[in-house]
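To start, the structure under review is shown below, and the notes come after it.
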Amino acid sequence: MFKKILPKKLFSNRRGEDMIIDFWAILVFAIIIVCFVIVFAAEKTTLTNKIDTEFENKDTDFMLNAFLSAPLVDDPSKTVSDVIVEESTTGKFPKTQKLFEDYFKRTMQINGQDLNNMLLRIDDNDPLSITAETGYGWFGTATTIAWEKVKGYFTVLSQPSNPVLGIVLSTHKEIRQYTAQTYLPGYEKKIKVELVIGSWTYDTSIVSSENPKK
Amino acid sequence: MDRFMNNIKIKKNRRGQAQYFLESAFRIGFLMIALLAFFLLTNFYVVNRINTNRLQSEVTADRIMYSDAIMYEENSRIYMGIVDVKKFNDDTLSKKVDYQTQKHATARLDLRDNIDGDIKYTAYLNKAQYENLYVLAKANANGKGSATIYTKDYPITYKNGTSYRYGTIIMTIIIPNS
């Protein structure tokens with residue numbers, strides 16, 4: 001095609017030898033090289049991101065366990081875990097919420113990355129029965145305490161009912177979140193706590209339309 | 001035959017050689033690209049240099065946070081996440097996180113109170129080297145001889161005497177570039 005359109009001089013040397021083969025060979029070779037570079041560069045980035053995420057999940061795990069084992073400031077004989085166990089009988093967690101706010105008040109970053117959201121989910125039921133009942137895993141009847149950090153301050157964002165939580169998590173944008181979960185000591189397979197931290201934004205229209213509390 | 005002899009004459013004189021070289025420039029360029037691609041692909045497949053700075057910073061942080069270096073200890077049990085301010089000093093850190101070589105990670109730990117936001121305590125791991133490397137790292141000096149800074153926040157409870165308060169450890173770790 002090029003040979004027909006462009007003057008013959010471009011594809012032949014001064015001795016009149018045809019150079020069109022060299023032209024196509026270089027073009028194909030260049031394309032292959034570019035593809036290789038793109039593929040390998042992408043793989044390298046993925047690997048780096050995966051390792052970073054592992055580190056950040058580890059830190060999240062430390063945060064969750066440190067929070068659960070933290071003694072209360074006004075009553076050091078009790079820990080946060082004890083408060084969660086007490087409140088799980090009523091299904092409402094005002095003290096836990098206050099403790100959560102106090103404890104993570106100044107936590108701005110994880111591994112140098114800014115945080116803007118934290119979620120603490122408490123499931124005080126048997127997760128197996130929940131899975132069977134709702135099909136949403138243990139999100140089914142979990143109580144969620146969510147915080148949004150705005151300019152260094154924490155404000156209560158929402159306490160969404162559980163189907164909404166599933167929607168919120170599936171629709172948030174700018175996904176960067178790290179999770180840790182554990183059972184409370186002595187309440188294995190009974191009270192499960194999950195900490196989700198990171199940076200994301202909510203689709204507030206879905207939250208407000210589905211959540212009567214909002 | 002005459003044409004062949006003419007070609008030989010052209011190739012032998014200086015002008016002919018230059019012309020021949022220029023005509024071959026295309027192929028020489030192609031060869032250079034091929035060599036470049038070869039070394040590029042070899043570098044992708046053969047890992048002959050690993051940047052372990054990030055890993056070193058994580059190991060240093062874990063060695064401080066997951067040990068008895070600054071954590072409260074009672075009856076040989078370490079309470080993870082509860083910092084004993086009596087241990088929160090340079091001497092204890094140096095003893096508990098003791099590396100034998102000179103070239104190792106350094107760190108600065110600031111303990112900030114959650115209520116008033118003030119920095120209550122500060123401790124260094126290998127302070128002299130921290131101050132040297134901090135200047136280099138902050139000056140954006142790259143390469144060997146300089147260092148990389150990593151920061152981490154850990155929410156903790158700190159124990160001062162018999163009282164407990166919530167705070168955050170801001171850990172600034174500096175790793176020399178290798």
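Starting from 1 in every chain, residues are counted up; chains themselves are A, B, ... following the order of the structure tokens, and ligands are numbered from 1 as listed.
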* Hey, what's within 8 Å of range 72-74 of chain B if we count only C-alpha atoms and toss same-chain stuff fewer than 4 positions away? As a PyMOL selection string, please? -> chain B and resi 68+78-80+82-84+159
Would you mind exporting the chosen residues as a compact mmCIF listing (two decimals), in the first residue's frame, restricted to N, CA and C atoms?
```txt
# COMPACT_ATOMS: atom_id res chain seq x y z
N ASP B 68 8.93 -6.06 72.95
CA ASP B 68 8.83 -5.42 74.26
C ASP B 68 9.64 -4.12 74.30
N ILE B 78 3.58 -9.34 77.29
CA ILE B 78 3.64 -8.05 76.61
C ILE B 78 2.24 -7.69 76.15
N TYR B 79 1.82 -6.50 76.47
CA TYR B 79 0.49 -6.02 76.06
C TYR B 79 0.65 -5.21 74.78
N MET B 80 0.33 -5.84 73.67
CA MET B 80 0.49 -5.21 72.37
C MET B 80 -0.46 -4.02 72.22
N ILE B 82 -0.23 -1.25 73.94
CA ILE B 82 -0.20 -0.38 75.13
C ILE B 82 1.26 0.02 75.36
N VAL B 83 1.53 1.28 75.17
CA VAL B 83 2.92 1.76 75.26
C VAL B 83 3.20 2.21 76.69
N ASP B 84 4.32 1.75 77.20
CA ASP B 84 4.76 2.15 78.54
C ASP B 84 5.71 3.34 78.36
N LYS B 159 0.46 4.25 78.64
CA LYS B 159 0.32 4.11 80.10
C LYS B 159 1.34 4.99 80.78
```
Would you tabulate, counting only C-alpha atoms, all residues of chain B that have an atom at most 6 Å from an atom of chain A, showing the closest pair of atoms and their distance in Å to one decimal, sorted by chain then ascending number, as CSV?
```
residue,atom,partner,partner_atom,distance
B:Gly81,CA,A:Ala66,CA,4.5
B:Asn114,CA,A:Arg106,CA,5.8
B:Thr151,CA,A:Gly112,CA,5.3
B:Lys152,CA,A:Asn111,CA,4.7
B:Asp153,CA,A:Gln109,CA,5.9
B:Tyr164,CA,A:Val73,CA,5.3
B:Arg165,CA,A:Val73,CA,5.8
B:Tyr166,CA,A:Tyr103,CA,5.8
```
Can you write out the residues you just picked, keeping C-alpha atoms, as a PDB file, in the first residue's frame?
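See again_7.pdb below for the written result:
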```pdb
ATOM      1  CA  GLY B  81      -0.753  -1.733  71.603  1.00  0.00           C
ATOM      2  CA  ASN B 114      -5.318  12.122  71.025  1.00  0.00           C
ATOM      3  CA  THR B 151       6.191   7.494  57.824  1.00  0.00           C
ATOM      4  CA  LYS B 152       3.683   5.378  59.701  1.00  0.00           C
ATOM      5  CA  ASP B 153       0.910   6.170  62.167  1.00  0.00           C
ATOM      6  CA  TYR B 164      -4.144   5.273  80.448  1.00  0.00           C
ATOM      7  CA  ARG B 165      -4.675   7.629  77.530  1.00  0.00           C
ATOM      8  CA  TYR B 166      -5.197   7.186  73.828  1.00  0.00           C
TER       9      TYR B 166
END
```
* Residues flagged strand (DSSP E or B) by DSSP in range 40-172 of chain B, as a PyMOL selection string -> chain B and resi 71-74+77-84+106-113+119-125+147-160+163-172
* Separation of CA of Ala128 in chain B and CA of Thr168 in chain B, in Å? ->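 Going from CA of Ala128 in chain B over to CA of Thr168 in chain B, I get 24.2 Å.
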* Structure fact -> Min atom-atom distance to Thr89 in chain A from the set A:Leu195, A:Asp123, A:Met118, A:Leu27, counting only C-alpha atoms, belongs to A:Asp123
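If only C-alpha atoms are the atoms counted, then among A:Lys78, A:Lys98, A:Lys92, A:Arg121 the closest residue to Thr179 in chain A is A:Arg121.
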